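Undergrad: A single structure is presented below for examination.
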Amino acid sequence: NSPTVVATGMSQESFQTIITRFLEVAQSRDRIDKFITSSPAFKFSIETVLPNLTVKLDKSAPIIRLALQGTEPKKMADFLDKYSIYLVTYSEEIARESMNSMLDYIESQLASNEADLRSVEVKIKEIQDNQKIISIPDEMSRVLGRIQSHHNELAQLVSEKENVAKAVTRLRGKISEIKPSGPRTPNLQNQIVVSLRRQLVDLEMEQMNIGTVYTPTHPKVAETKEKIEFIKNRIKTESVNILDDTSTEREQFMRVYVEDLAHQETAAATIDAKMLFLQGEVKKLELEFVDLSNKKEAYTNLVRQQKIFEQSLSNLIDRKNQGNIQKQAVKGRLSYLAKAFEPVFPIKPNLRIYFIFTFALAFLMGLAMVSLAEQLDNSV
């Protein structure tokens, strides 16, 4: 008895999967038992069907053949017909459930992916809205340019400081050559002058800080400039205040040298103030550059994530569409192709074999009897 089931409309991978699954299910004790229980018209037991059921795949075509041996060919053929239809229906139900499960999973992945994509897009928009520059790379270039400019200014100030230090050393040498002896010897490290120079450094720093906030015409800028000029004049006055008011040539040279020395030392204090300010600015700019680099990296990562989520979303939508198409095609994946038929000659008993065997045996026995008769014949 051989009804056939054909598999159509599938890729080679899907075909192998469904055939393997069908062969397993068709010969499953549990599935046969459920069919027998649901079909009381057949009075077969599981022990009658299971050992005698054969399910094979045709090697030449995607066809599955079922066969069942038994003593009641007609009932066996009816049983195979109903069982084949039952298996095709059951296979469609399993395939549909599997497709529904897969589609539900894809839907959950789509929802999660869309939520992640929206979250990334919101973060990207926040960065774009909060960033007040044209672009982060442009701002990083601007900061690097300022850092390089400050380094160049620092190098120039170092050179100026060296020149001032040389001038101070030269002036101190000249003053040492002509300085008077006695109680009126000039104290070049006057504590008042030292204190005034400290104030000058603070005012120079304040002026540079104010310059980064206000325009040159702002009253605070003008006020700070006036304070600086006042301190410089005080330093000049205090530096020469210890000298005698005599108008001798030596005293006049001494006064010129001391005034020049005070000017050079004030210039050195101004240079120190500028260097401190620029060093502080360089540190702030370096921190700003690091912050911009972090923002750029974060923004780049977000854009990369956005592209990944968009690609993933597109792939999931494609999978969903393919799943819906496959779900619609489930009904045609397995088809009942042909009914079971009763064999022309029963397997048991095989009358043809029995007849041939009987004929051969009778022929041999007759031949033996003829030979025996000839041997026993003593007539002359």
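Chain labels follow the order of the structure tokens: the first chain is A, the next B, and so on; residue numbering restarts at 1 in every chain, and ligands are counted from 1 in their shown order.
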Using only C-alpha atoms, which protein or nucleic acid residues come within 12 Å of stretch 227-239 of chain A? Drop anything in the same chain fewer than 5 positions from it, and give the result as a ChimeraX atom specification.
TA: /A:186-208,220-222,254-267,269-270
Undergrad: Using N, CA and C atoms, can you write the selected residues to a file as a CSV table (one decimal), in the first residue's frame?
TA:
```csv
chain,number,residue,atom,x,y,z
A,186,PRO,N,72.4,101.9,48.1
A,186,PRO,CA,71.1,101.5,47.7
A,186,PRO,C,70.7,100.1,48.0
A,187,ASN,N,69.5,99.8,48.5
A,187,ASN,CA,69.0,98.5,48.7
A,187,ASN,C,68.2,98.1,47.5
A,188,LEU,N,68.8,97.4,46.6
A,188,LEU,CA,68.0,97.0,45.4
A,188,LEU,C,66.9,96.0,45.6
A,189,GLN,N,66.9,95.3,46.7
A,189,GLN,CA,65.8,94.4,47.0
A,189,GLN,C,64.9,95.0,48.1
A,190,ASN,N,64.6,96.3,47.9
A,190,ASN,CA,63.7,97.0,48.8
A,190,ASN,C,62.4,96.2,48.9
A,191,GLN,N,61.9,96.0,50.2
A,191,GLN,CA,60.7,95.2,50.5
A,191,GLN,C,59.5,95.8,49.9
A,192,ILE,N,59.5,97.1,49.9
A,192,ILE,CA,58.3,97.8,49.3
A,192,ILE,C,58.2,97.5,47.8
A,193,VAL,N,59.4,97.6,47.1
A,193,VAL,CA,59.4,97.3,45.7
A,193,VAL,C,59.0,95.9,45.4
A,194,VAL,N,59.5,94.9,46.2
A,194,VAL,CA,59.1,93.5,46.1
A,194,VAL,C,57.6,93.4,46.2
A,195,SER,N,57.0,94.0,47.2
A,195,SER,CA,55.6,93.9,47.4
A,195,SER,C,54.8,94.5,46.2
A,196,LEU,N,55.3,95.7,45.7
A,196,LEU,CA,54.7,96.3,44.6
A,196,LEU,C,54.7,95.5,43.3
A,197,ARG,N,55.9,94.8,43.1
A,197,ARG,CA,56.0,93.9,42.0
A,197,ARG,C,55.0,92.7,42.0
A,198,ARG,N,54.8,92.2,43.2
A,198,ARG,CA,53.8,91.2,43.4
A,198,ARG,C,52.4,91.7,43.0
A,199,GLN,N,52.1,92.9,43.5
A,199,GLN,CA,50.8,93.5,43.1
A,199,GLN,C,50.7,93.7,41.6
A,200,LEU,N,51.9,94.1,41.0
A,200,LEU,CA,51.9,94.3,39.5
A,200,LEU,C,51.6,93.0,38.8
A,201,VAL,N,52.2,91.9,39.3
A,201,VAL,CA,51.9,90.6,38.7
A,201,VAL,C,50.4,90.2,38.8
A,202,ASP,N,49.8,90.5,39.9
A,202,ASP,CA,48.4,90.2,40.1
A,202,ASP,C,47.5,91.0,39.2
A,203,LEU,N,47.9,92.3,39.1
A,203,LEU,CA,47.1,93.2,38.2
A,203,LEU,C,47.3,92.9,36.7
A,204,GLU,N,48.5,92.4,36.3
A,204,GLU,CA,48.7,92.0,35.0
A,204,GLU,C,47.9,90.8,34.6
A,205,MET,N,47.8,89.8,35.6
A,205,MET,CA,47.0,88.6,35.4
A,205,MET,C,45.5,89.0,35.3
A,206,GLU,N,45.1,89.9,36.2
A,206,GLU,CA,43.7,90.4,36.2
A,206,GLU,C,43.4,91.1,34.9
A,207,GLN,N,44.3,91.9,34.4
A,207,GLN,CA,44.0,92.6,33.1
A,207,GLN,C,43.9,91.6,31.9
A,208,MET,N,44.7,90.5,31.9
A,208,MET,CA,44.6,89.5,30.8
A,208,MET,C,43.3,88.7,31.0
A,220,LYS,N,36.2,98.6,33.1
A,220,LYS,CA,37.0,97.8,33.9
A,220,LYS,C,38.4,97.6,33.4
A,221,VAL,N,38.5,97.5,32.0
A,221,VAL,CA,39.8,97.4,31.4
A,221,VAL,C,40.6,98.7,31.6
A,222,ALA,N,40.0,99.8,31.4
A,222,ALA,CA,40.6,101.1,31.6
A,222,ALA,C,41.1,101.3,33.1
A,254,MET,N,74.1,106.7,38.7
A,254,MET,CA,73.5,105.8,39.6
A,254,MET,C,72.0,105.8,39.4
A,255,ARG,N,71.4,107.0,39.4
A,255,ARG,CA,70.0,107.2,39.3
A,255,ARG,C,69.5,106.6,37.9
A,256,VAL,N,70.2,106.9,36.9
A,256,VAL,CA,69.8,106.3,35.6
A,256,VAL,C,69.8,104.8,35.6
A,257,TYR,N,70.9,104.2,36.1
A,257,TYR,CA,71.0,102.8,36.2
A,257,TYR,C,69.9,102.1,37.0
A,258,VAL,N,69.6,102.8,38.2
A,258,VAL,CA,68.6,102.2,39.1
A,258,VAL,C,67.2,102.3,38.4
A,259,GLU,N,67.0,103.5,37.7
A,259,GLU,CA,65.7,103.6,37.1
A,259,GLU,C,65.5,102.5,35.9
A,260,ASP,N,66.6,102.4,35.2
A,260,ASP,CA,66.6,101.4,34.1
A,260,ASP,C,66.5,100.0,34.7
A,261,LEU,N,67.2,99.7,35.8
A,261,LEU,CA,67.0,98.4,36.5
A,261,LEU,C,65.6,98.2,36.9
A,262,ALA,N,65.0,99.2,37.5
A,262,ALA,CA,63.6,99.0,38.0
A,262,ALA,C,62.7,98.8,36.8
A,263,HIS,N,63.0,99.5,35.7
A,263,HIS,CA,62.1,99.2,34.5
A,263,HIS,C,62.3,97.8,34.0
A,264,GLN,N,63.5,97.3,33.9
A,264,GLN,CA,63.8,95.9,33.5
A,264,GLN,C,63.2,94.9,34.4
A,265,GLU,N,63.3,95.1,35.7
A,265,GLU,CA,62.7,94.1,36.6
A,265,GLU,C,61.2,94.2,36.6
A,266,THR,N,60.6,95.4,36.3
A,266,THR,CA,59.1,95.5,36.2
A,266,THR,C,58.7,94.7,34.9
A,267,ALA,N,59.5,94.9,33.8
A,267,ALA,CA,59.3,94.1,32.6
A,267,ALA,C,59.3,92.6,32.8
A,269,ALA,N,58.7,91.1,35.6
A,269,ALA,CA,57.5,90.8,36.4
A,269,ALA,C,56.3,90.7,35.4
A,270,THR,N,56.2,91.6,34.5
A,270,THR,CA,55.1,91.6,33.5
A,270,THR,C,55.2,90.3,32.6
```
Undergrad: List the neighbours of stretch 315-320 of chain A out to 10 Å using only C-alpha atoms; skip same-chain residues closer than 6 positions along the sequence, and give me the result as a ChimeraX atom specification.
TA: /A:102-107,109-110,113,309,326
Undergrad: Residues of the last selection are to be written out with N, CA and C atoms, as an mmCIF file, in the first residue's frame.
TA:
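And here's again22.cif as it stands now:
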```cif
data_model
loop_
_atom_site.group_PDB
_atom_site.id
_atom_site.type_symbol
_atom_site.label_atom_id
_atom_site.label_comp_id
_atom_site.auth_asym_id
_atom_site.auth_seq_id
_atom_site.Cartn_x
_atom_site.Cartn_y
_atom_site.Cartn_z
ATOM 1 N N MET A 102 8.031 32.542 14.892
ATOM 2 C CA MET A 102 9.142 33.306 14.325
ATOM 3 C C MET A 102 8.741 34.760 14.079
ATOM 4 N N LEU A 103 7.511 34.966 13.561
ATOM 5 C CA LEU A 103 7.037 36.331 13.296
ATOM 6 C C LEU A 103 6.863 37.116 14.594
ATOM 7 N N ASP A 104 6.397 36.445 15.658
ATOM 8 C CA ASP A 104 6.271 37.121 16.963
ATOM 9 C C ASP A 104 7.643 37.546 17.471
ATOM 10 N N TYR A 105 8.614 36.666 17.300
ATOM 11 C CA TYR A 105 9.978 36.995 17.731
ATOM 12 C C TYR A 105 10.514 38.187 16.935
ATOM 13 N N ILE A 106 10.279 38.165 15.608
ATOM 14 C CA ILE A 106 10.744 39.278 14.767
ATOM 15 C C ILE A 106 10.058 40.577 15.180
ATOM 16 N N GLU A 107 8.765 40.506 15.509
ATOM 17 C CA GLU A 107 8.031 41.702 15.945
ATOM 18 C C GLU A 107 8.637 42.262 17.227
ATOM 19 N N GLN A 109 11.721 41.857 18.239
ATOM 20 C CA GLN A 109 13.015 42.425 17.881
ATOM 21 C C GLN A 109 12.857 43.773 17.180
ATOM 22 N N LEU A 110 11.834 43.879 16.345
ATOM 23 C CA LEU A 110 11.560 45.160 15.670
ATOM 24 C C LEU A 110 11.239 46.251 16.681
ATOM 25 N N ASN A 113 14.386 47.149 18.544
ATOM 26 C CA ASN A 113 15.314 47.866 17.668
ATOM 27 C C ASN A 113 14.843 49.288 17.405
ATOM 28 N N PHE A 309 21.638 50.195 13.831
ATOM 29 C CA PHE A 309 20.221 49.959 14.147
ATOM 30 C C PHE A 309 19.356 50.101 12.888
ATOM 31 N N GLN A 326 6.192 33.293 3.408
ATOM 32 C CA GLN A 326 6.309 31.865 3.710
ATOM 33 C C GLN A 326 5.081 31.355 4.450
#
```
Undergrad: Tell me which of A:Lys59, A:Arg142, A:Lys161, A:Lys166 sits closest to A:Ala268, counting only C-alpha atoms.
TA: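 Closest to A:Ala268 of all the choices is A:Lys161.
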Undergrad: Which neighbours of A:Phe42 fall inside 10 Å, counting only C-alpha atoms, when residues of the same chain fewer than 2 positions from it are skipped, and could you give them as a PyMOL selection string?
TA: chain A and resi 35-40+44-45+75-76+78-79
Undergrad: From the options A:Pro62, A:Glu153, A:Ile94, A:Asp291, which residue's atoms come nearest to A:Arg21, counting only C-alpha atoms?
TA: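 The answer is A:Ile94, which sits nearest to A:Arg21.
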Undergrad: Give the answer as one residue: which of A:Pro51, A:Pro137, A:Gly70, A:Gly211 has the shortest atom-to-atom distance to A:Phe289, using only C-alpha atoms?
TA: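 Of all the options, A:Pro137 lies closest to A:Phe289.
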Undergrad: From the options A:Ala26, A:Lys327, A:Asp81, A:Arg65, which residue's atoms come nearest to A:Ala340, counting only C-alpha atoms?
TA: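 Closest to A:Ala340, using only C-alpha atoms: A:Asp81.
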Undergrad: Let me make sure I understand: among A:Val168, A:Leu144, A:Val303, A:Ala111, which one has the smallest atom-to-atom distance to A:Lys284 if we use only C-alpha atoms?
TA: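 Answer, going by the shortest atom-to-atom distance: A:Leu144.
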